file work-v7.txt (compact mmCIF, C-alpha atoms)
# COMPACT_ATOMS: atom_id res chain seq x y z
CA MET A 11 88.46 155.31 35.65
CA LYS A 12 90.05 158.12 33.66
CA SER A 13 87.74 160.67 35.31
CA PHE A 14 88.56 159.25 38.72
CA MET A 15 92.32 159.43 38.15
CA LEU A 16 92.06 162.98 36.81
CA ALA A 17 89.93 163.90 39.82
CA CYS A 18 92.57 162.58 42.22
CA VAL A 19 95.33 164.47 40.42
CA ALA A 20 93.26 167.66 40.42
CA ALA A 21 92.45 167.30 44.13
CA ILE A 22 96.12 166.87 44.99
CA GLY A 23 97.06 169.79 42.74
CA ILE A 24 94.49 172.17 44.23
CA ALA A 25 95.43 171.05 47.75
CA ALA A 26 99.12 171.68 47.04
CA ILE A 27 98.42 175.14 45.64
CA ALA A 28 96.28 175.91 48.70
CA GLY A 29 99.03 174.67 51.00
CA VAL A 30 101.65 176.90 49.38
CA ALA A 31 99.30 179.89 49.44
CA LEU A 32 98.39 179.37 53.09
CA ASN A 33 101.98 178.95 54.18
CA SER A 34 102.92 182.18 52.43
CA VAL A 35 100.14 184.09 54.22
CA GLN A 36 100.41 182.69 57.73
CA LYS A 37 103.41 183.34 59.96
CA PRO A 38 104.90 180.68 62.23
CA ALA A 39 103.87 180.96 65.87
CA ASP A 40 107.34 182.01 67.02
CA ARG A 41 107.11 185.06 64.77
CA ALA A 42 103.38 185.75 64.99
CA PHE A 43 103.41 185.98 68.76
CA ALA A 44 106.83 187.57 69.30
CA THR A 45 107.94 191.16 69.68
CA GLU A 46 111.20 193.00 70.25
CA ALA A 47 109.86 195.03 73.17
CA VAL A 48 108.65 192.52 75.70
CA ARG A 49 108.70 193.55 79.34
CA LEU A 50 108.85 190.62 81.73
CA MET B 4 108.78 198.70 145.41
CA ALA B 5 110.53 195.45 144.59
CA ARG B 6 107.15 193.89 144.02
CA LEU B 7 106.19 196.71 141.66
CA LEU B 8 109.39 196.23 139.63
CA ALA B 9 108.74 192.51 139.39
CA GLN B 10 105.24 193.13 138.06
CA ALA B 11 106.63 195.64 135.51
CA ARG B 12 109.24 193.12 134.33
CA PHE B 13 106.53 190.51 133.99
CA ILE B 14 104.33 192.82 131.87
CA ILE B 15 107.24 193.92 129.66
CA GLY B 16 108.31 190.31 129.19
CA ALA B 17 104.79 189.25 128.26
CA LEU B 18 104.49 192.10 125.73
CA ALA B 19 107.86 191.19 124.21
CA LEU B 20 106.81 187.56 123.88
CA ALA B 21 103.52 188.57 122.30
CA LEU B 22 105.35 190.82 119.82
CA ILE B 23 107.72 188.02 118.87
CA LEU B 24 104.85 185.60 118.35
CA ALA B 25 103.00 188.13 116.21
CA VAL B 26 105.94 189.02 113.98
CA ALA B 27 107.47 185.56 113.61
CA PRO B 28 105.00 184.23 110.96
CA LEU B 29 105.43 187.35 108.82
CA ALA B 30 109.19 187.08 109.02
CA HIS B 31 108.99 183.39 108.21
CA ALA B 32 106.81 184.11 105.16
CA GLN B 33 109.51 186.29 103.68
CA GLN B 34 112.15 183.61 104.04
CA PRO B 35 113.13 181.82 100.83
CA THR B 36 111.75 178.28 100.70
CA VAL B 37 112.31 175.33 98.44
CA ALA B 38 108.95 175.83 96.73
CA ASN B 39 109.31 179.59 96.45
CA PRO B 40 113.04 180.42 96.35
CA THR B 41 112.54 184.14 95.68
CA GLY B 42 110.56 184.69 98.83
CA VAL B 43 108.02 186.73 96.84
CA ASN B 44 104.37 186.03 97.42
CA PRO B 45 103.11 185.31 93.88
CA THR B 46 99.47 185.94 94.76
CA ALA B 47 99.96 189.12 96.74
CA ALA B 48 98.74 191.38 93.92
CA SER B 49 96.40 188.88 92.36
CA VAL B 50 92.83 187.82 92.94
CA LYS B 51 91.82 185.62 95.81
CA GLU B 52 90.64 182.09 95.26
CA GLN B 53 87.13 183.03 96.31
CA GLN B 54 87.06 185.72 93.63
CA LEU B 55 88.05 183.12 91.03
CA LEU B 56 85.32 180.80 92.21
CA ASN B 57 82.77 183.59 92.16
CA ALA B 58 83.78 184.54 88.65
CA LEU B 59 83.60 180.94 87.48
CA GLY B 60 80.18 180.59 89.08
CA ASN B 61 78.96 183.60 87.17
CA GLY B 62 80.37 182.24 83.91
CA ASP B 63 82.66 185.23 83.45
CA ALA B 64 86.07 185.00 81.85
CA ILE B 65 89.07 185.78 84.05
CA HIS B 66 91.57 188.07 82.43
CA GLY B 67 95.10 188.95 83.37
CA ARG B 68 97.58 191.29 81.75
CA VAL B 69 100.40 190.43 79.34
CA SER B 70 103.00 192.44 77.49
CA ILE B 71 103.26 190.26 74.38
CA PRO B 72 101.33 191.20 71.21
CA ASP B 73 98.82 188.38 71.59
CA GLN B 74 96.45 189.92 74.11
CA LYS B 75 94.25 186.81 73.97
CA SER B 76 96.88 185.02 76.00
CA ALA B 77 95.85 187.20 78.96
CA ASN B 78 92.66 185.21 79.20
CA LEU B 79 93.34 182.88 82.12
CA ILE B 80 90.08 180.98 82.40
CA HIS B 81 86.95 181.03 80.26
CA PRO B 82 84.21 178.93 81.83
CA ALA B 83 82.30 178.67 78.52
CA GLY B 84 85.21 176.55 77.33
CA ARG B 85 84.11 173.81 79.70
CA ASP B 86 80.73 173.58 77.98
CA TRP B 87 82.42 173.41 74.61
CA ARG B 88 84.85 170.76 75.87
CA HIS B 89 81.95 168.69 77.15
CA PHE B 90 80.31 168.99 73.76
CA HIS B 91 83.24 167.75 71.71
CA GLU B 92 84.43 165.21 74.26
CA VAL B 93 81.04 163.70 75.11
CA THR B 94 77.97 165.00 73.26
CA LEU B 95 79.50 165.03 69.79
CA ARG B 96 80.76 161.47 70.18
CA TRP B 97 77.27 160.29 71.01
CA ILE B 98 75.72 162.20 68.10
CA GLY B 99 78.36 160.90 65.70
CA ALA B 100 78.18 157.32 66.89
CA ILE B 101 74.38 157.23 66.75
CA ALA B 102 74.23 158.86 63.31
CA ILE B 103 76.96 156.83 61.61
CA LEU B 104 76.53 153.47 63.31
CA GLY B 105 72.76 153.89 63.13
CA MET B 106 72.93 154.45 59.38
CA LEU B 107 75.22 151.44 58.94
CA VAL B 108 72.82 149.25 60.90
CA ILE B 109 69.85 150.51 58.86
CA LEU B 110 71.67 149.81 55.59
CA VAL B 111 72.73 146.31 56.63
CA VAL B 112 69.21 145.45 57.82
CA PHE B 113 67.71 146.97 54.67
CA TYR B 114 70.07 144.98 52.45
CA LEU B 115 69.31 141.75 54.32
CA VAL B 116 65.55 142.33 54.15
CA ARG B 117 65.11 143.99 50.74
CA GLY B 118 68.24 142.87 48.95
CA GLN B 119 69.58 144.56 45.85
CA VAL B 120 67.13 146.49 43.65
CA LYS B 121 67.35 144.38 40.52
CA LEU B 122 67.02 145.45 36.91
CA GLU B 123 63.70 143.67 36.35
CA THR B 124 63.59 143.91 32.58
CA GLY B 125 67.19 142.81 32.21
CA TYR B 126 69.95 144.42 30.17
CA SER B 127 68.97 145.62 26.71
CA GLY B 128 72.50 145.78 25.39
CA ARG B 129 72.08 149.43 24.48
CA ARG B 130 73.50 152.20 26.61
CA ILE B 131 72.80 155.88 27.02
CA VAL B 132 75.06 158.59 28.36
CA ARG B 133 74.06 159.47 31.91
CA PHE B 134 76.96 161.71 33.02
CA ASN B 135 79.63 163.21 30.79
CA GLY B 136 83.33 163.21 31.59
CA PHE B 137 83.36 166.60 33.32
CA GLU B 138 80.43 165.66 35.55
CA ARG B 139 82.15 162.44 36.60
CA PHE B 140 85.42 164.30 37.15
CA VAL B 141 83.75 166.80 39.47
CA HIS B 142 81.82 164.05 41.28
CA TRP B 143 84.91 161.95 41.92
CA MET B 144 87.03 164.89 42.98
CA THR B 145 84.41 165.91 45.52
CA ALA B 146 83.78 162.33 46.60
CA THR B 147 87.46 161.48 47.03
CA CYS B 148 88.08 164.60 49.07
CA PHE B 149 84.94 163.94 51.12
CA ILE B 150 86.06 160.45 52.06
CA ILE B 151 89.47 161.70 53.20
CA LEU B 152 87.93 164.70 54.97
CA GLY B 153 85.45 162.38 56.66
CA LEU B 154 88.06 159.93 57.89
CA THR B 155 90.46 162.62 59.08
CA GLY B 156 87.62 164.55 60.68
CA LEU B 157 86.35 161.49 62.48
CA ASN B 158 89.90 160.98 63.71
CA ILE B 159 89.66 164.31 65.51
CA THR B 160 86.50 163.19 67.30
CA PHE B 161 87.03 159.46 67.73
CA GLY B 162 90.78 159.00 67.20
CA LYS B 163 91.84 159.53 70.80
CA PRO B 164 89.47 157.03 72.41
CA LEU B 165 89.48 154.45 69.58
CA LEU B 166 92.71 154.62 67.57
CA LEU B 167 95.25 155.85 70.10
CA PRO B 168 95.01 152.76 72.35
CA LEU B 169 95.50 150.53 69.28
CA ILE B 170 98.52 152.12 67.60
CA GLY B 171 100.19 153.96 70.49
CA GLU B 172 101.08 157.58 71.00
CA PRO B 173 104.02 158.01 68.54
CA ALA B 174 102.13 156.51 65.59
CA PHE B 175 98.94 158.33 66.50
CA ALA B 176 100.80 161.63 66.73
CA ASP B 177 102.29 161.18 63.23
CA TRP B 178 98.98 160.06 61.76
CA ALA B 179 97.02 162.84 63.44
CA GLN B 180 99.47 165.47 62.20
CA TRP B 181 99.26 164.32 58.57
CA ALA B 182 95.51 163.87 58.92
CA LYS B 183 95.23 167.47 60.03
CA TYR B 184 97.23 168.67 57.00
CA ALA B 185 95.11 166.56 54.67
CA HIS B 186 91.91 167.81 56.32
CA ASN B 187 92.94 171.44 55.90
CA TYR B 188 94.30 171.35 52.38
CA LEU B 189 91.84 168.92 50.77
CA SER B 190 89.02 171.17 51.93
CA PHE B 191 89.87 173.45 49.01
CA PRO B 192 89.28 170.97 46.16
CA PHE B 193 86.21 169.77 48.09
CA ALA B 194 84.82 173.31 48.22
CA VAL B 195 85.58 173.77 44.52
CA GLY B 196 83.78 170.51 43.80
CA VAL B 197 80.70 171.47 45.83
CA PHE B 198 80.52 174.77 43.99
CA CYS B 199 80.81 173.03 40.60
CA ILE B 200 78.13 170.50 41.62
CA PHE B 201 75.83 173.35 42.59
CA LEU B 202 76.20 175.02 39.20
CA MET B 203 76.31 171.82 37.16
CA TRP B 204 73.17 170.10 38.42
CA ILE B 205 70.99 172.90 39.82
CA ALA B 206 68.68 172.83 36.79
CA GLY B 207 67.76 169.20 37.34
CA ASN B 208 67.36 169.43 41.10
CA ILE B 209 64.53 171.89 41.56
CA PRO B 210 61.72 170.02 43.37
CA ASN B 211 58.51 169.49 41.38
CA ARG B 212 55.23 167.52 41.48
CA VAL B 213 56.88 164.41 40.10
CA ASP B 214 58.99 164.28 43.25
CA VAL B 215 55.88 164.31 45.46
CA ASN B 216 54.51 161.30 43.59
CA TRP B 217 57.92 159.61 43.76
CA LEU B 218 58.04 160.09 47.52
CA LYS B 219 54.44 158.91 48.01
CA ARG B 220 55.32 155.69 46.25
CA GLY B 221 58.47 155.23 48.32
CA GLY B 222 60.75 155.71 45.35
CA GLY B 223 60.30 152.10 44.36
CA ILE B 224 62.85 151.13 46.96
CA VAL B 225 60.25 149.23 48.93
CA GLY B 226 58.49 146.64 46.76
CA HIS B 227 58.85 146.55 43.00
CA ASP B 228 57.23 149.83 42.05
CA HIS B 229 58.96 152.21 39.62
CA PRO B 230 57.61 155.73 40.08
CA PRO B 231 58.57 157.99 37.16
CA ALA B 232 61.38 160.51 37.49
CA TYR B 233 63.26 162.96 35.35
CA ARG B 234 67.05 162.97 35.35
CA PHE B 235 67.16 163.15 39.16
CA ASN B 236 64.52 161.57 41.38
CA ALA B 237 63.48 162.99 44.75
CA GLY B 238 66.04 160.89 46.62
CA GLN B 239 68.86 162.13 44.41
CA LYS B 240 67.60 165.68 44.82
CA MET B 241 67.78 165.29 48.58
CA ILE B 242 71.37 164.11 48.25
CA TYR B 243 72.12 167.06 45.97
CA TRP B 244 70.80 169.61 48.47
CA ILE B 245 72.49 167.86 51.38
CA VAL B 246 75.78 168.14 49.48
CA VAL B 247 75.24 171.75 48.44
CA ILE B 248 73.89 173.11 51.74
CA GLY B 249 75.81 170.77 54.03
CA GLY B 250 79.01 171.20 52.02
CA THR B 251 78.70 174.97 52.10
CA LEU B 252 78.11 175.01 55.86
CA VAL B 253 80.98 172.67 56.70
CA ALA B 254 83.29 174.59 54.38
CA ALA B 255 82.32 177.99 55.80
CA SER B 256 82.54 176.84 59.42
CA GLY B 257 85.77 175.00 58.67
CA TYR B 258 87.43 178.09 57.22
CA LEU B 259 86.45 180.07 60.32
CA LEU B 260 88.43 177.47 62.28
CA MET B 261 91.29 177.41 59.79
CA PHE B 262 91.76 181.17 60.20
CA PRO B 263 91.37 181.60 63.96
CA PHE B 264 90.38 185.07 65.18
CA TYR B 265 90.47 186.52 61.66
CA VAL B 266 86.68 186.78 61.48
CA THR B 267 85.25 185.90 64.88
CA ASP B 268 86.20 185.56 68.53
CA ILE B 269 86.48 182.45 70.69
CA GLN B 270 82.72 182.13 71.20
CA GLY B 271 82.18 182.36 67.46
CA MET B 272 84.81 179.70 66.84
CA GLN B 273 83.25 177.39 69.41
CA LEU B 274 79.92 177.82 67.64
CA ALA B 275 81.60 177.23 64.28
CA GLN B 276 83.20 174.03 65.56
CA THR B 277 79.88 172.83 66.93
CA VAL B 278 78.10 173.50 63.63
CA HIS B 279 80.99 172.01 61.64
CA ALA B 280 81.08 168.81 63.67
CA ILE B 281 77.34 168.13 63.84
CA ILE B 282 76.75 168.77 60.14
CA ALA B 283 79.83 166.73 59.25
CA VAL B 284 78.74 163.57 61.09
CA LEU B 285 75.21 163.86 59.65
CA PHE B 286 76.80 164.44 56.24
CA VAL B 287 78.84 161.26 56.61
CA ALA B 288 75.72 159.30 57.59
CA ALA B 289 73.79 160.63 54.57
CA MET B 290 76.65 159.83 52.20
CA LEU B 291 76.77 156.26 53.49
CA GLY B 292 73.22 155.93 52.22
CA HIS B 293 74.22 157.50 48.90
CA ILE B 294 77.20 155.18 48.52
CA TYR B 295 75.02 152.17 49.34
CA ILE B 296 72.33 152.87 46.77
CA GLY B 297 74.94 153.82 44.17
CA THR B 298 76.86 150.56 44.54
CA ILE B 299 75.48 147.34 46.01
CA GLY B 300 72.00 148.70 46.67
CA MET B 301 70.89 148.98 43.05
CA GLU B 302 71.90 146.88 40.06
CA GLY B 303 73.42 148.97 37.28
CA ALA B 304 73.51 152.21 39.25
CA PHE B 305 77.30 152.42 39.62
CA ASP B 306 77.79 152.43 35.85
CA ALA B 307 76.25 155.91 35.71
CA MET B 308 79.19 157.41 37.57
CA GLY B 309 81.70 154.65 36.81
CA GLU B 310 81.52 154.58 33.02
CA GLY B 311 79.18 157.49 32.48
CA THR B 312 76.56 155.36 30.70
CA VAL B 313 73.61 153.26 31.81
CA ASP B 314 71.61 150.55 30.15
CA VAL B 315 68.53 151.87 28.37
CA ASN B 316 66.33 149.48 30.36
CA TRP B 317 67.81 150.83 33.58
CA ALA B 318 66.95 154.36 32.46
CA ARG B 319 63.44 153.23 31.48
CA GLU B 320 62.82 151.64 34.88
CA HIS B 321 64.24 154.37 37.10
CA HIS B 322 64.19 157.58 35.05
CA PRO B 323 61.58 157.10 32.29
CA LEU B 324 60.75 160.82 31.99
CA TRP B 325 64.42 161.63 31.52
CA LEU B 326 64.75 158.89 28.92
CA GLU B 327 61.79 160.32 27.03
CA GLN B 328 63.41 163.74 27.08
CA GLU B 329 66.67 162.34 25.78
CA MET B 330 64.93 160.39 23.05
CA ALA B 331 62.94 163.46 22.02
CA ARG B 332 66.13 165.50 22.00
CA THR B 333 68.23 163.08 19.99
CA GLY B 334 65.67 161.31 17.81
CA PRO B 335 62.29 159.60 17.65
CA ASN B 336 63.58 156.06 18.15
CA GLU B 337 66.50 154.27 19.67
CA SER B 338 68.14 153.45 16.37
CA GLN B 339 68.60 157.14 15.73
CA ARG B 340 69.88 157.97 19.21
CA GLN B 341 73.46 158.08 18.07
CA PRO B 342 75.76 159.31 19.55
CA MET B 343 73.83 159.38 22.86
CA ALA B 344 73.37 155.63 22.84
CA THR B 345 76.29 153.31 22.26
CA PRO B 346 76.42 149.53 22.04
CA ALA B 347 77.32 147.75 25.26
CA GLU B 348 80.82 146.44 25.49
call {"tool": "encode", "arguments": {"input": "work-v7.txt", "output": "structure tokens"}}
result
Amino acid sequence: MKSFMLACVAAIGIAAIAGVALNSVQKPADRAFATEAVRL
Amino acid sequence: MARLLAQARFIIGALALALILAVAPLAHAQQPTVANPTGVNPTAASVKEQQLLNALGNGDAIHGRVSIPDQKSANLIHPAGRDWRHFHEVTLRWIGAIAILGMLVILVVFYLVRGQVKLETGYSGRRIVRFNGFERFVHWMTATCFIILGLTGLNITFGKPLLLPLIGEPAFADWAQWAKYAHNYLSFPFAVGVFCIFLMWIAGNIPNRVDVNWLKRGGGIVGHDHPPAYRFNAGQKMIYWIVVIGGTLVAASGYLLMFPFYVTDIQGMQLAQTVHAIIAVLFVAAMLGHIYIGTIGMEGAFDAMGEGTVDVNWAREHHPLWLEQEMARTGPNESQRQPMATPAE
């Protein structure tokens, strides 16, 4: 039971770290696909 | 003379009427309409419909031109996308349903026919360590993530036809959004777990002659035979390699999808999604078998990963060669197998 609880905590912890890391790397769509020099 | 003038007037009038009839449609086309208020023909400088159909028939992609940084958005139609859509909307659902429901049916029938594999010699009251705390920690971390990844992944394939009609669009949208986050982020502890499992148990999972004998005798699952095995029998080794190879493939293909266009193009991502989905549903089916035999399918088996210890008689029935190794390592007889063996609670 102790191993299971620790495993759940570790999974959430690693997932949270991954989430923060991914969000810092990836740009939101409105910035990733935007430019200041669009010709329409 | 008067007759000649009349004929000339008639000819000029006819020509004027013909000119008016010829020009009128063109003039009308330039008039603003309700559907096209600018009066500009939007297809004047574009391809004709027949060209589009020809291109689609040839399987070519149809590109346009855009001025935004994302040049991929200039891709108007890619016929290969229809094949991929048919795969994940139709073919994949059949593969998944057959694999998962088929495995469930097999397990239910097997349980009803064979019943639980009992501990024939009964409990000895003495226990031996089967998996230490770190091994159980890694197993449960991987297993917990796998269950959530499996459910959220199946939601992508089966959620729309099965769950959406039950809970409605608003609830399904919320659930699907959080399921997608969970699927993405829990893939990281899952991948860490698969890597740890690979390193942790590789030594005991190399196939050998004992496995051939174990397989020939059906692993003792059918009947009451108990073919010898070391720490991991051939069935457990199959599960190990399914986890290691299958886990690596789903993780690699999943990260290609999580980082679109970083590594491959749209065809590569369609292939990655196909590989990811097929392996994942087969993975789920295989793990259902693993969960079955580790819980209700075999008496005393869950203790190995639940508490970390198993009864000595259980080890003697199912893993006698491993028990011999442990006894040789820790002492010549059971009374000296401290601290490996501990009294049952």
call {"tool": "closest_residue", "arguments": {"input": "work-v7.txt", "among": "A:Ala17, A:Lys12, A:Gly23, A:Pro38", "to": "chain B", "atoms": "all atoms listed in the file"}}
result
A:Ala17
call {"tool": "closest_atom_pairs", "arguments": {"input": "work-v7.txt", "of": "chain B", "to": "chain A", "cutoff": "9 Å", "atoms": "all atoms listed in the file", "output": "CSV"}}
result
residue,atom,partner,partner_atom,distance
B:Val69,CA,A:Leu50,CA,8.8
B:Ser70,CA,A:Val48,CA,5.9
B:Ile71,CA,A:Val48,CA,6.0
B:Pro72,CA,A:Phe43,CA,6.1
B:Asp73,CA,A:Phe43,CA,5.9
B:Gly136,CA,A:Ser13,CA,6.3
B:Phe137,CA,A:Ser13,CA,7.6
B:Glu138,CA,A:Ser13,CA,8.9
B:Arg139,CA,A:Ser13,CA,6.0
B:Phe140,CA,A:Ser13,CA,4.7
B:Val141,CA,A:Ala17,CA,6.8
B:His142,CA,A:Ala17,CA,8.2
B:Trp143,CA,A:Phe14,CA,5.6
B:Met144,CA,A:Ala17,CA,4.4
B:Thr145,CA,A:Ala17,CA,8.2
B:Thr147,CA,A:Cys18,CA,7.1
B:Cys148,CA,A:Ala21,CA,7.1
B:Tyr184,CA,A:Gly29,CA,8.7
B:Ala185,CA,A:Ala25,CA,8.3
B:Asn187,CA,A:Gly29,CA,8.5
B:Tyr188,CA,A:Ala25,CA,4.8
B:Leu189,CA,A:Ala25,CA,5.2
B:Ser190,CA,A:Ala25,CA,7.7
B:Phe191,CA,A:Ala25,CA,6.2
B:Pro192,CA,A:Ala21,CA,5.3
B:Phe193,CA,A:Ala21,CA,7.8
B:Gly309,CA,A:Met11,CA,6.9
B:Glu310,CA,A:Met11,CA,7.5
call {"tool": "atom_distance", "arguments": {"input": "work-v7.txt", "atom1": "CA of His279 in chain B", "atom2": "CA of Ala176 in chain B"}}
result
22.9 Å
call {"tool": "residues_around", "arguments": {"input": "work-v7.txt", "residues": "range 89-102 of chain B", "least_positions_apart": "4", "cutoff": "12 Å", "atoms": "all atoms listed in the file", "output": "number ranges by chain"}}
result
B: 82-85, 106-109, 153, 156-165, 273-274, 276-292
call {"tool": "atom_distance", "arguments": {"input": "work-v7.txt", "atom1": "CA of Ile131 in chain B", "atom2": "CA of Asp228 in chain B"}}
result
22.5 Å
call {"tool": "residues_around", "arguments": {"input": "work-v7.txt", "residues": "Val247 in chain B", "least_positions_apart": "2", "cutoff": "12 Å", "atoms": "all atoms listed in the file", "output": "PyMOL selection string"}}
result
chain B and resi 145+193-205+208+240-245+249-255+286
call {"tool": "residues_near_point", "arguments": {"input": "work-v7.txt", "point": "(67.5, 167.5, 37.9)", "cutoff": "6 Å", "atoms": "all atoms listed in the file", "output": "number ranges by chain"}}
result
B: 206-208, 234-235
call {"tool": "residues_near_point", "arguments": {"input": "work-v7.txt", "point": "(73.7, 146.2, 36.0)", "cutoff": "9 Å", "atoms": "all atoms listed in the file", "output": "compact mmCIF listing (two decimals) with C-alpha atoms, keeping the file's coordinate frame"}}
result
# COMPACT_ATOMS: atom_id res chain seq x y z
CA LYS B 121 67.35 144.38 40.52
CA LEU B 122 67.02 145.45 36.91
CA GLY B 125 67.19 142.81 32.21
CA TYR B 126 69.95 144.42 30.17
CA MET B 301 70.89 148.98 43.05
CA GLU B 302 71.90 146.88 40.06
CA GLY B 303 73.42 148.97 37.28
CA ALA B 304 73.51 152.21 39.25
CA PHE B 305 77.30 152.42 39.62
CA ASP B 306 77.79 152.43 35.85
CA VAL B 313 73.61 153.26 31.81
CA ASP B 314 71.61 150.55 30.15
CA TRP B 317 67.81 150.83 33.58
call {"tool": "atom_distance", "arguments": {"input": "work-v7.txt", "atom1": "CA of Pro231 in chain B", "atom2": "CA of Gly300 in chain B"}}
result
18.9 Å
call {"tool": "decode", "arguments": {"input": "work-v7.txt", "residues": "range 232-248 of chain B", "atoms": "N, CA, C and O atoms", "output": "short mmCIF file (atom, residue, chain, number, x, y, z; two decimals), in the first residue's frame"}}
result
data_model
loop_
_atom_site.label_atom_id
_atom_site.label_comp_id
_atom_site.auth_asym_id
_atom_site.auth_seq_id
_atom_site.Cartn_x
_atom_site.Cartn_y
_atom_site.Cartn_z
N ALA B 232 10.13 -23.02 -12.96
CA ALA B 232 10.49 -21.70 -13.51
C ALA B 232 11.42 -21.01 -12.53
O ALA B 232 11.39 -21.28 -11.33
N TYR B 233 12.25 -20.15 -13.08
CA TYR B 233 13.08 -19.30 -12.24
C TYR B 233 12.23 -18.13 -11.74
O TYR B 233 11.02 -18.27 -11.61
N ARG B 234 12.82 -17.00 -11.50
CA ARG B 234 12.04 -15.91 -10.90
C ARG B 234 10.87 -15.51 -11.80
O ARG B 234 9.79 -15.18 -11.30
N PHE B 235 11.08 -15.51 -13.11
CA PHE B 235 10.00 -15.18 -14.04
C PHE B 235 9.79 -16.35 -14.98
O PHE B 235 10.75 -16.83 -15.60
N ASN B 236 8.54 -16.80 -15.10
CA ASN B 236 8.25 -17.87 -16.05
C ASN B 236 8.05 -17.28 -17.45
O ASN B 236 8.08 -16.06 -17.64
N ALA B 237 7.82 -18.16 -18.41
CA ALA B 237 7.74 -17.70 -19.81
C ALA B 237 6.58 -16.73 -20.02
O ALA B 237 6.69 -15.78 -20.80
N GLY B 238 5.48 -16.95 -19.33
CA GLY B 238 4.35 -16.04 -19.44
C GLY B 238 4.69 -14.65 -18.92
O GLY B 238 4.35 -13.63 -19.55
N GLN B 239 5.38 -14.61 -17.78
CA GLN B 239 5.77 -13.32 -17.23
C GLN B 239 6.81 -12.64 -18.11
O GLN B 239 6.82 -11.41 -18.22
N LYS B 240 7.66 -13.46 -18.74
CA LYS B 240 8.65 -12.87 -19.65
C LYS B 240 7.96 -12.25 -20.86
O LYS B 240 8.38 -11.21 -21.36
N MET B 241 6.91 -12.91 -21.33
CA MET B 241 6.17 -12.32 -22.46
C MET B 241 5.57 -10.97 -22.05
O MET B 241 5.62 -10.00 -22.81
N ILE B 242 5.01 -10.93 -20.85
CA ILE B 242 4.44 -9.67 -20.37
C ILE B 242 5.54 -8.61 -20.27
O ILE B 242 5.34 -7.45 -20.65
N TYR B 243 6.70 -9.02 -19.76
CA TYR B 243 7.82 -8.08 -19.62
C TYR B 243 8.18 -7.46 -20.98
O TYR B 243 8.29 -6.24 -21.11
N TRP B 244 8.34 -8.33 -22.00
CA TRP B 244 8.76 -7.81 -23.31
C TRP B 244 7.64 -7.03 -23.99
O TRP B 244 7.91 -6.10 -24.76
N ILE B 245 6.40 -7.41 -23.73
CA ILE B 245 5.29 -6.61 -24.26
C ILE B 245 5.33 -5.21 -23.66
O ILE B 245 5.15 -4.20 -24.34
N VAL B 246 5.60 -5.14 -22.35
CA VAL B 246 5.67 -3.83 -21.68
C VAL B 246 6.85 -3.02 -22.20
O VAL B 246 6.71 -1.83 -22.52
N VAL B 247 8.01 -3.67 -22.30
CA VAL B 247 9.21 -2.93 -22.70
C VAL B 247 9.12 -2.48 -24.17
O VAL B 247 9.30 -1.30 -24.48
N ILE B 248 8.82 -3.43 -25.06
CA ILE B 248 8.78 -3.08 -26.49
C ILE B 248 7.53 -2.27 -26.82
O ILE B 248 7.59 -1.22 -27.46
#
